[in-house]
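Data block below; observations after.
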Amino acid sequence: MIFATVSAVILAIESSCDDTSAAVCKDAKILANVVAGQQVHEQWGGVVPELASRAHQQNIVPVVNAALKKAGIAAHEVNAVAFTRGPGLMGSLLVGVSFAKAFASALQVPIIEVNHMQAHILAHFIDNRPSFPFLCLTVSGGHTQLVLVKNFLEMEVLGETLDDAAGEAFDKTAKLLGLPYPGGPLMDKYAKDGNPENFFFPEPQVAELDFSFSGLKTSVLYFLQAEVKKNPAFIQENLYDLCAAIQKTIVDILLKKLQKAVAKTGVNEVALAGGVSANSELRRRFELLGKDKGWKTYIPKFEYCTDNAAMIAITGYYKYLNSDFASQDIEPLARYYL
């Protein structure tokens, strides 16, 4: 598959969960990446789908306008509109897909559907440029995958979670510790001052390159219930150590599977992507492991790890070069596999 350089301006829309984002890409260079978050979910301890879709409706026009203005691009200069088709929350996706179709129809330009997980992987090509083939450990709130990336548009999933994702494990165990949503970043913060060796949590045993995190959440729950029964202040007195121990266990699981994937494939160009790749301990240990094993390692900038439209734009650009366009009757997919 040959990708010839073509001049093109891509407007991209990302609305898979609770962040509304728009980006503008010109010739594989990101000119603007605007993200509007949603604070409405904090009081509920997690994302409420109906509230998320309503907030997307309020945010999408201002976010798109801001992205075009920041990029210095007029609407009539846009050559195609890329959008997240899935996976994600159906209501949230529907807002982004509908807007993209309407905007492109008004401009009479093609639309490009993008798989959210593929976009996380191709976020590496915004700044970094791994060589093909490379392995990517993609870790987010809803997905955990090991992917062999053969080229921009051809990818093979070697392993994935059989139940819960690593990001979900972070957030739900953080909730058990009494941390507000989203708890993953707070766990990362508190773990820096904790001793991960003070507590031990068993790692679920899963064959080959697949993952499982539901058992870890259960073991943390039962452990905390038993300790709090003996000492009601147990969590407060040991919060930092608990955060460090849980985080260490999750990172151990991820990196052990990654080592197995490298050994199995012989590929030593290794990338980390997805929202959980913003975790400082995972980034630190991933880079240390790479140096120890002689891998070439890649991690996107922090702003391109969490959900953002820049990764949709760069993916849209390479699909544009391949004339991979969608029809106006396309619909969002809550489940959308690589």
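We label chains A, B, ... in the order they appear in the structure tokens, count residues from 1 in each chain, and number ligands from 1 in the order shown.
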Can you list, as a PDB file with C-alpha atoms, in the first residue's frame, every protein, DNA or RNA residue that comes within 12 Å of Ser212 of chain A when you count only C-alpha atoms, leaving out same-chain residues fewer than 3 positions away?
```pdb
ATOM      1  CA  HIS A 143     -10.163  -1.080  25.921  1.00  0.00           C
ATOM      2  CA  THR A 144      -6.870  -2.844  26.499  1.00  0.00           C
ATOM      3  CA  GLN A 145      -5.243  -4.279  23.375  1.00  0.00           C
ATOM      4  CA  GLY A 159      -4.553  -9.821  22.454  1.00  0.00           C
ATOM      5  CA  GLU A 160      -7.217  -7.870  24.323  1.00  0.00           C
ATOM      6  CA  THR A 161      -9.077  -7.773  27.600  1.00  0.00           C
ATOM      7  CA  LEU A 162     -11.571 -10.544  28.209  1.00  0.00           C
ATOM      8  CA  ASP A 163     -13.604  -8.427  30.612  1.00  0.00           C
ATOM      9  CA  ASP A 164     -12.691  -5.014  32.039  1.00  0.00           C
ATOM     10  CA  ALA A 165     -10.130  -2.601  30.652  1.00  0.00           C
ATOM     11  CA  ALA A 166      -7.115  -1.307  32.558  1.00  0.00           C
ATOM     12  CA  GLY A 167      -8.542   2.212  32.693  1.00  0.00           C
ATOM     13  CA  GLU A 168     -11.744   0.874  34.198  1.00  0.00           C
ATOM     14  CA  ALA A 169      -9.700  -1.038  36.767  1.00  0.00           C
ATOM     15  CA  PRO A 202      -2.769 -11.236  42.824  1.00  0.00           C
ATOM     16  CA  GLU A 203      -2.506 -10.953  39.043  1.00  0.00           C
ATOM     17  CA  PRO A 204      -5.247 -12.732  37.056  1.00  0.00           C
ATOM     18  CA  GLN A 205      -3.851 -15.644  35.051  1.00  0.00           C
ATOM     19  CA  VAL A 206      -4.928 -15.416  31.412  1.00  0.00           C
ATOM     20  CA  ALA A 207      -3.463 -17.447  28.571  1.00  0.00           C
ATOM     21  CA  GLU A 208      -1.435 -16.025  25.697  1.00  0.00           C
ATOM     22  CA  LEU A 209      -1.674 -12.253  25.116  1.00  0.00           C
ATOM     23  CA  GLY A 215     -10.542 -10.411  39.284  1.00  0.00           C
ATOM     24  CA  LEU A 216      -8.179  -7.683  40.438  1.00  0.00           C
ATOM     25  CA  LYS A 217     -11.077  -5.360  41.220  1.00  0.00           C
ATOM     26  CA  THR A 218     -12.756  -8.142  43.195  1.00  0.00           C
ATOM     27  CA  ILE A 250      -1.990  -3.041  36.846  1.00  0.00           C
ATOM     28  CA  ILE A 253       0.098  -7.022  34.125  1.00  0.00           C
ATOM     29  CA  LEU A 254       0.355  -4.708  31.121  1.00  0.00           C
ATOM     30  CA  LYS A 257       1.996  -9.171  28.377  1.00  0.00           C
TER      31      LYS A 257
END
```
DSSP says strand (DSSP E) for which residues of segment 87-293 of chain A? Put them as JSON, numbers by chain?
{"A": [111, 112, 113, 114, 115, 134, 135, 136, 137, 138, 139, 144, 145, 146, 147, 148, 149, 155, 156, 157, 158, 159, 160, 269, 270, 271, 272, 273]}
Could you save the residues just selected, with C-alpha atoms, as a PDB file, in the first residue's frame?
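See out23.pdb below for the written result:
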```
ATOM      1  CA  ILE A 111     -16.578  12.189   4.936  1.00  0.00           C
ATOM      2  CA  ILE A 112     -14.093   9.761   6.521  1.00  0.00           C
ATOM      3  CA  GLU A 113     -15.127   7.362   9.284  1.00  0.00           C
ATOM      4  CA  VAL A 114     -12.459   6.539  11.863  1.00  0.00           C
ATOM      5  CA  ASN A 115     -12.121   3.749  14.406  1.00  0.00           C
ATOM      6  CA  PHE A 134       5.487  -2.023  15.274  1.00  0.00           C
ATOM      7  CA  LEU A 135       3.672  -3.265  18.360  1.00  0.00           C
ATOM      8  CA  CYS A 136       1.277  -0.986  20.203  1.00  0.00           C
ATOM      9  CA  LEU A 137      -0.064  -1.481  23.715  1.00  0.00           C
ATOM     10  CA  THR A 138      -3.308   0.493  23.602  1.00  0.00           C
ATOM     11  CA  VAL A 139      -4.749   1.143  27.043  1.00  0.00           C
ATOM     12  CA  THR A 144      -6.870  -2.844  26.499  1.00  0.00           C
ATOM     13  CA  GLN A 145      -5.243  -4.279  23.375  1.00  0.00           C
ATOM     14  CA  LEU A 146      -1.948  -5.488  21.974  1.00  0.00           C
ATOM     15  CA  VAL A 147      -1.877  -4.603  18.285  1.00  0.00           C
ATOM     16  CA  LEU A 148       0.575  -5.443  15.508  1.00  0.00           C
ATOM     17  CA  VAL A 149       0.597  -2.376  13.252  1.00  0.00           C
ATOM     18  CA  MET A 155      -3.583  -3.691  12.018  1.00  0.00           C
ATOM     19  CA  GLU A 156      -3.918  -7.057  13.762  1.00  0.00           C
ATOM     20  CA  VAL A 157      -5.156  -7.423  17.343  1.00  0.00           C
ATOM     21  CA  LEU A 158      -2.906  -9.989  19.052  1.00  0.00           C
ATOM     22  CA  GLY A 159      -4.553  -9.821  22.454  1.00  0.00           C
ATOM     23  CA  GLU A 160      -7.217  -7.870  24.323  1.00  0.00           C
ATOM     24  CA  GLU A 269       9.578  -1.173  17.741  1.00  0.00           C
ATOM     25  CA  VAL A 270       7.088  -0.728  20.575  1.00  0.00           C
ATOM     26  CA  ALA A 271       4.517   1.982  21.194  1.00  0.00           C
ATOM     27  CA  LEU A 272       2.165   2.937  24.020  1.00  0.00           C
ATOM     28  CA  ALA A 273      -1.182   4.633  23.342  1.00  0.00           C
TER      29      ALA A 273
END
```
Nearest to Leu242 of chain A, chosen from A:Phe125, A:Tyr181, A:Phe200, A:Trp295, with only C-alpha atoms counted in the distances:
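Among the listed residues, the smallest separation from Leu242 of chain A belongs to A:Phe200.
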If you count only C-alpha atoms, the residue of A:Asn151, A:Asn279, A:Ser7, A:Thr265 closest to Tyr190 of chain A turns out to be A:Asn279
Do a neighbour search on Val109 of chain A at 10 Å with only C-alpha atoms, toss out local chain neighbours closer than 5 positions, and write the hits as a list in words.
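Contacts, in chain order: His76, Val78, Asn79, Ala80, Val81, Lys101, Phe103 and Ala104 of chain A.
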Counting only C-alpha atoms, what are the residues of segment 42-140 of chain A within 10 Å of segment 326-333 of chain A, and for each of them which pair of atoms is the nearest and at what distance in Å, to one decimal? Sort the table by chain and rising number, as a Markdown table.
```
| residue | atom | partner | partner_atom | distance |
| --- | --- | --- | --- | --- |
| A:Ala82 | CA | A:Ala326 | CA | 9.5 |
| A:Phe83 | CA | A:Pro332 | CA | 9.8 |
| A:Thr84 | CA | A:Pro332 | CA | 8.1 |
| A:Arg85 | CA | A:Pro332 | CA | 4.7 |
| A:Gly86 | CA | A:Leu333 | CA | 4.9 |
| A:Pro87 | CA | A:Leu333 | CA | 5.9 |
| A:Gly88 | CA | A:Leu333 | CA | 7.5 |
| A:Leu89 | CA | A:Leu333 | CA | 8.6 |
| A:Met90 | CA | A:Pro332 | CA | 6.9 |
| A:Gly91 | CA | A:Pro332 | CA | 9.1 |
| A:Ser92 | CA | A:Pro332 | CA | 9.4 |
| A:Leu93 | CA | A:Pro332 | CA | 6.0 |
| A:Leu94 | CA | A:Pro332 | CA | 6.1 |
| A:Val95 | CA | A:Pro332 | CA | 9.5 |
| A:Gly96 | CA | A:Pro332 | CA | 9.0 |
| A:Val97 | CA | A:Pro332 | CA | 6.6 |
| A:Ser98 | CA | A:Glu331 | CA | 8.7 |
| A:Ala100 | CA | A:Gln328 | CA | 9.7 |
| A:Lys101 | CA | A:Gln328 | CA | 6.3 |
| A:Ala102 | CA | A:Gln328 | CA | 8.9 |
| A:Ala104 | CA | A:Gln328 | CA | 9.2 |
| A:Ser105 | CA | A:Gln328 | CA | 8.2 |
| A:Pro110 | CA | A:Ala326 | CA | 7.3 |
| A:Ile111 | CA | A:Ala326 | CA | 5.6 |
| A:Ile112 | CA | A:Ala326 | CA | 5.4 |
| A:Glu113 | CA | A:Ala326 | CA | 6.2 |
| A:Val114 | CA | A:Ala326 | CA | 9.7 |
| A:Asn115 | CA | A:Leu333 | CA | 9.4 |
```
